[in-house]
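Colleague: Can you keep this structure in mind? I'll have questions shortly.
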Amino acid sequence: MIFRQLFDSVSGTYSYLLASRAGGEALILDPVLEKADRYCKLLQELDLRLVKAVDTHLHADHVTGLGELRDRTQCITIMGEQSKADVVSMRVSDGDKVTIEGLCLEALYTPGHTDDSYSYLMGDRVFTGDTLLIRGTGRTDFQNGSARAQYDSIFNRLLKLPEETMVFPAHDYKGDTVSTIGEEKRYNPRLQVKSIDDYVELMNNLNLPNPKLMDVVVPANMHVGLHQDELAKEGLSLSARDAIASLGRPDILLVDLRESGERAKHGTLAGALHAPYPGICATLQPGGMLREVAAATGRRVVFFCAFGERSAMAVAAAKKAGLANTAHIDGGIDAWKKAGGPVVMG
């Protein structure tokens with residue numbers, strides 16, 4: 001496995017680059033905007049293709065690299081379903097799996113630092129975001145934080161993992177890089193409390209100053225979504241209502257870009273072809289399945305995904321590949337459902 005722990009000294013942020021092999025798919029956790037050049041250079045050096053970028057929560061101390069990496073690499077952006085960020089490609093809930101070729105991370109909902117905080121478990125290691133730090137825990141006094149919820153996340157979720165599980169946090173300010181669940185149980189001073197009330201009292205009396213750039217960073221991190229209105233201006237977008245009205249039309253080919261787990265959980269649209277987003281470029285090239293089907297039938301390819309992010313990128317990829325007769329459903333299946341569109345389960 002390829003594993004790189006990357007550090008931003010300005011914000012004290014750790015980002016993690018994961019891949020199962022050289023030449024394969026890669027995932028990055030908690031990227032920092034100012035380090036995007038560094039990440040892209042490393043991806044090139046290691047011959048990796050970034051397919052997913054994940055934020056463990058809405059950060060208050062640095063601007064996320066999610067939007068920049070999406071624009072540079074066309075990767076899928078991922079956050080928890082509780083996130084206030086405007087649009088990300090995929091939203092996960094507790095127990096969902098985030099997969100790339102050869103690797104699988106399990107999403108653990110661990111609120112407390114913020115109400116959208118997630119940890120990600122992968123085999124012998126857990127990426128704890130700002131929930132559990134090395135010899136510390138994330139503050140709980142803003143962004144709908146809750147010391148009570150954090151106690152539950154730590155004591156009833158994370159500390160129940162095997163003691164040898166390695167802990168990789170999203171921040172450290174003392175130079176530590178990794179710990180274990182067992183170490184934190186024994187030596188983390190904030191975890192030596194006798195009750196949840198003791199923990200709440202401890203966290204409520206930290207009296208920490210707000211992060212210096214919080215008023216700038218949080219609004220910036222809430223607006224990482226792709227500007228889908230540009231496609232609408234070009235006539236390459238269908239509103240959810242227009243898409244519902246066109247359901248079943250013989251001149252339209254609906255293409256679902258989501259992963260199998262998303263389809264099973266949230267349903268799909270009747271008659272839709274399944275072509276997961278990571279392989280979209282190949283299927284749009286001459287000889288590719290979608291291109292051949294479009295050419296043979298003369299049907300307009302209409303992409304959709306969860307929120308319209310991946311489908312907007314698919315329309316751009318189709319244009320680049322010379323396939324002009326495409327569009328996407330603005331807002332994805334989320335907008336479709338809100339407009340009362342029928343969904344097929346199973």
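Within each chain, counting starts at residue 1; across the structure tokens, chains are named A, B, ... in the order shown, with ligands numbered 1 upward in that order.
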Check the DSSP output for the backbone and give back, as a list of chain:residue names, the residues of segment 4-119 of chain A in alpha helix (DSSP H).
Modeller: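 For segment 4-119 of chain A, the alpha helix (DSSP H) set is A:Ala36, A:Asp37, A:Arg38, A:Tyr39, A:Cys40, A:Lys41, A:Leu42, A:Leu43, A:Gln44, A:Glu45, A:Leu66, A:Gly67, A:Glu68, A:Leu69, A:Arg70, A:Asp71, A:Arg72, A:Thr73.
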Colleague: At a cut-off of 6 Å, using only C-alpha atoms, what residues contact Ile76 of chain A? Leave out same-chain residues fewer than 3 positions from it and give the result as a PDB file with C-alpha atoms, in the first residue's frame.
Modeller:
ATOM      1  CA  VAL A  51     -10.307   9.686  -7.710  1.00  0.00           C
ATOM      2  CA  LYS A  52     -11.614  10.740  -4.279  1.00  0.00           C
ATOM      3  CA  SER A  89     -20.152  14.864  -5.058  1.00  0.00           C
TER       4      SER A  89
END
Colleague: May I have all residues of segment 113-258 of chain A that DSSP, computed from the backbone, assigns to strand (DSSP E or B), given as JSON, numbers by chain?
Modeller: {"A": [118, 119, 120, 121, 122, 125, 126, 127, 128, 129, 132, 133, 136, 137, 166, 167, 168, 169, 171, 179, 180, 237, 238, 252, 253, 254, 255, 256]}
Colleague: Neighbouring residues of Glu25 of chain A were defined as those with any atom within 7 Å, considering only C-alpha atoms; residues of the same chain fewer than 6 positions away were excluded. Please report them as a list in words.
Modeller: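 Selected residues are Ala19, Leu48, Arg49, Leu50, Val51, Ile100 and Glu101 of chain A.
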Colleague: Would you mind exporting N, CA, C and O atoms of the selected residues as a PDB file, in the first residue's frame?
Modeller:
ATOM      1  N   ALA A  19      -3.222   4.783  -1.533  1.00  0.00           N
ATOM      2  CA  ALA A  19      -3.425   4.036  -2.774  1.00  0.00           C
ATOM      3  C   ALA A  19      -2.970   2.610  -2.527  1.00  0.00           C
ATOM      4  O   ALA A  19      -2.142   2.344  -1.649  1.00  0.00           O
ATOM      5  N   LEU A  48      -0.007   8.106  -9.690  1.00  0.00           N
ATOM      6  CA  LEU A  48      -1.325   7.826  -9.133  1.00  0.00           C
ATOM      7  C   LEU A  48      -2.383   8.722  -9.764  1.00  0.00           C
ATOM      8  O   LEU A  48      -2.088   9.827 -10.202  1.00  0.00           O
ATOM      9  N   ARG A  49      -3.623   8.229  -9.771  1.00  0.00           N
ATOM     10  CA  ARG A  49      -4.753   9.005 -10.289  1.00  0.00           C
ATOM     11  C   ARG A  49      -5.715   9.269  -9.133  1.00  0.00           C
ATOM     12  O   ARG A  49      -6.296   8.357  -8.566  1.00  0.00           O
ATOM     13  N   LEU A  50      -5.832  10.547  -8.750  1.00  0.00           N
ATOM     14  CA  LEU A  50      -6.701  10.905  -7.634  1.00  0.00           C
ATOM     15  C   LEU A  50      -8.159  10.764  -8.053  1.00  0.00           C
ATOM     16  O   LEU A  50      -8.613  11.419  -8.988  1.00  0.00           O
ATOM     17  N   VAL A  51      -8.891   9.898  -7.362  1.00  0.00           N
ATOM     18  CA  VAL A  51     -10.307   9.686  -7.710  1.00  0.00           C
ATOM     19  C   VAL A  51     -11.253  10.152  -6.607  1.00  0.00           C
ATOM     20  O   VAL A  51     -12.424  10.414  -6.875  1.00  0.00           O
ATOM     21  N   ILE A 100     -11.793   2.797  -3.101  1.00  0.00           N
ATOM     22  CA  ILE A 100     -11.046   2.980  -4.339  1.00  0.00           C
ATOM     23  C   ILE A 100     -10.449   1.615  -4.666  1.00  0.00           C
ATOM     24  O   ILE A 100     -10.578   0.680  -3.875  1.00  0.00           O
ATOM     25  N   GLU A 101      -9.827   1.508  -5.806  1.00  0.00           N
ATOM     26  CA  GLU A 101      -9.236   0.241  -6.217  1.00  0.00           C
ATOM     27  C   GLU A 101      -8.320  -0.302  -5.112  1.00  0.00           C
ATOM     28  O   GLU A 101      -7.343   0.328  -4.728  1.00  0.00           O
TER      29      GLU A 101
END
Colleague: For Gly225 of chain A, which of A:Asp71, A:Glu201, A:Glu163, A:Asp8 is the closest residue, counting only C-alpha atoms?
Modeller: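 Ranked by minimum distance to Gly225 of chain A, first place goes to A:Asp71.
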Colleague: Compare A:Leu46, A:Ile154, A:Ala312, A:Cys40 by their minimum atom-to-atom distance to Gly136 of chain A, counting only C-alpha atoms, and give me the closest one.
Modeller: A:Ile154
Colleague: List the neighbours of Ala317 of chain A out to 8 Å using only C-alpha atoms; skip same-chain residues closer than 6 positions along the sequence, and give me the result as a count of residues only.
Modeller: 3
Colleague: Contacts of Arg299 of chain A at 10 Å or less, counting only C-alpha atoms, minus same-chain residues fewer than 5 places along, as a list in words?
Modeller: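 Close residues of Arg299 of chain A: Arg249, Pro250, Asp251, Ile252, Leu253, Leu254, Val293, Ala294, Asn325 and Thr326 of chain A.
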Colleague: Which is closest to Tyr120 of chain A among A:Glu183, A:Tyr16, A:His171, A:Ser83, if we use only C-alpha atoms?
Modeller: A:Tyr16
Colleague: Excluding Pro211 of chain A and its own-chain neighbours fewer than 4 positions away, which residues fall within 10 Å of it when counting only C-alpha atoms? Please give them as a list in words.
Modeller: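 Those residues are Ser11, Ala60, Asp61, His62, Asp215 and Val217 of chain A.
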Colleague: For the selection just defined, write its residues with N, CA, C and O atoms to a file, as a PDB file, in the first residue's frame.
Modeller:
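The file below, selection-v8.pdb, is the result:
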ATOM      1  N   SER A  11      -1.287  25.538   9.498  1.00  0.00           N
ATOM      2  CA  SER A  11      -2.507  25.194  10.242  1.00  0.00           C
ATOM      3  C   SER A  11      -2.342  23.961  11.126  1.00  0.00           C
ATOM      4  O   SER A  11      -3.279  23.590  11.843  1.00  0.00           O
ATOM      5  N   ALA A  60     -12.283  24.796  10.307  1.00  0.00           N
ATOM      6  CA  ALA A  60     -12.361  26.207  10.684  1.00  0.00           C
ATOM      7  C   ALA A  60     -10.996  26.887  10.681  1.00  0.00           C
ATOM      8  O   ALA A  60     -10.905  28.084  10.903  1.00  0.00           O
ATOM      9  N   ASP A  61      -9.933  26.117  10.434  1.00  0.00           N
ATOM     10  CA  ASP A  61      -8.598  26.704  10.543  1.00  0.00           C
ATOM     11  C   ASP A  61      -7.813  26.710   9.237  1.00  0.00           C
ATOM     12  O   ASP A  61      -6.701  27.199   9.182  1.00  0.00           O
ATOM     13  N   HIS A  62      -8.369  26.138   8.180  1.00  0.00           N
ATOM     14  CA  HIS A  62      -7.726  26.212   6.867  1.00  0.00           C
ATOM     15  C   HIS A  62      -8.790  26.042   5.791  1.00  0.00           C
ATOM     16  O   HIS A  62      -9.845  25.452   6.035  1.00  0.00           O
ATOM     17  N   ASP A 215     -13.488  33.219  10.625  1.00  0.00           N
ATOM     18  CA  ASP A 215     -14.561  33.977   9.973  1.00  0.00           C
ATOM     19  C   ASP A 215     -14.439  33.979   8.451  1.00  0.00           C
ATOM     20  O   ASP A 215     -15.414  34.220   7.748  1.00  0.00           O
ATOM     21  N   VAL A 217     -12.498  31.324   6.784  1.00  0.00           N
ATOM     22  CA  VAL A 217     -12.335  29.933   6.365  1.00  0.00           C
ATOM     23  C   VAL A 217     -13.663  29.175   6.319  1.00  0.00           C
ATOM     24  O   VAL A 217     -13.963  28.475   5.342  1.00  0.00           O
TER      25      VAL A 217
END
Colleague: Smallest atom-to-atom distance to Asp30 of chain A: which of A:Val54, A:Val10, A:Leu158, A:Leu18, using only C-alpha atoms?
Modeller: A:Val54
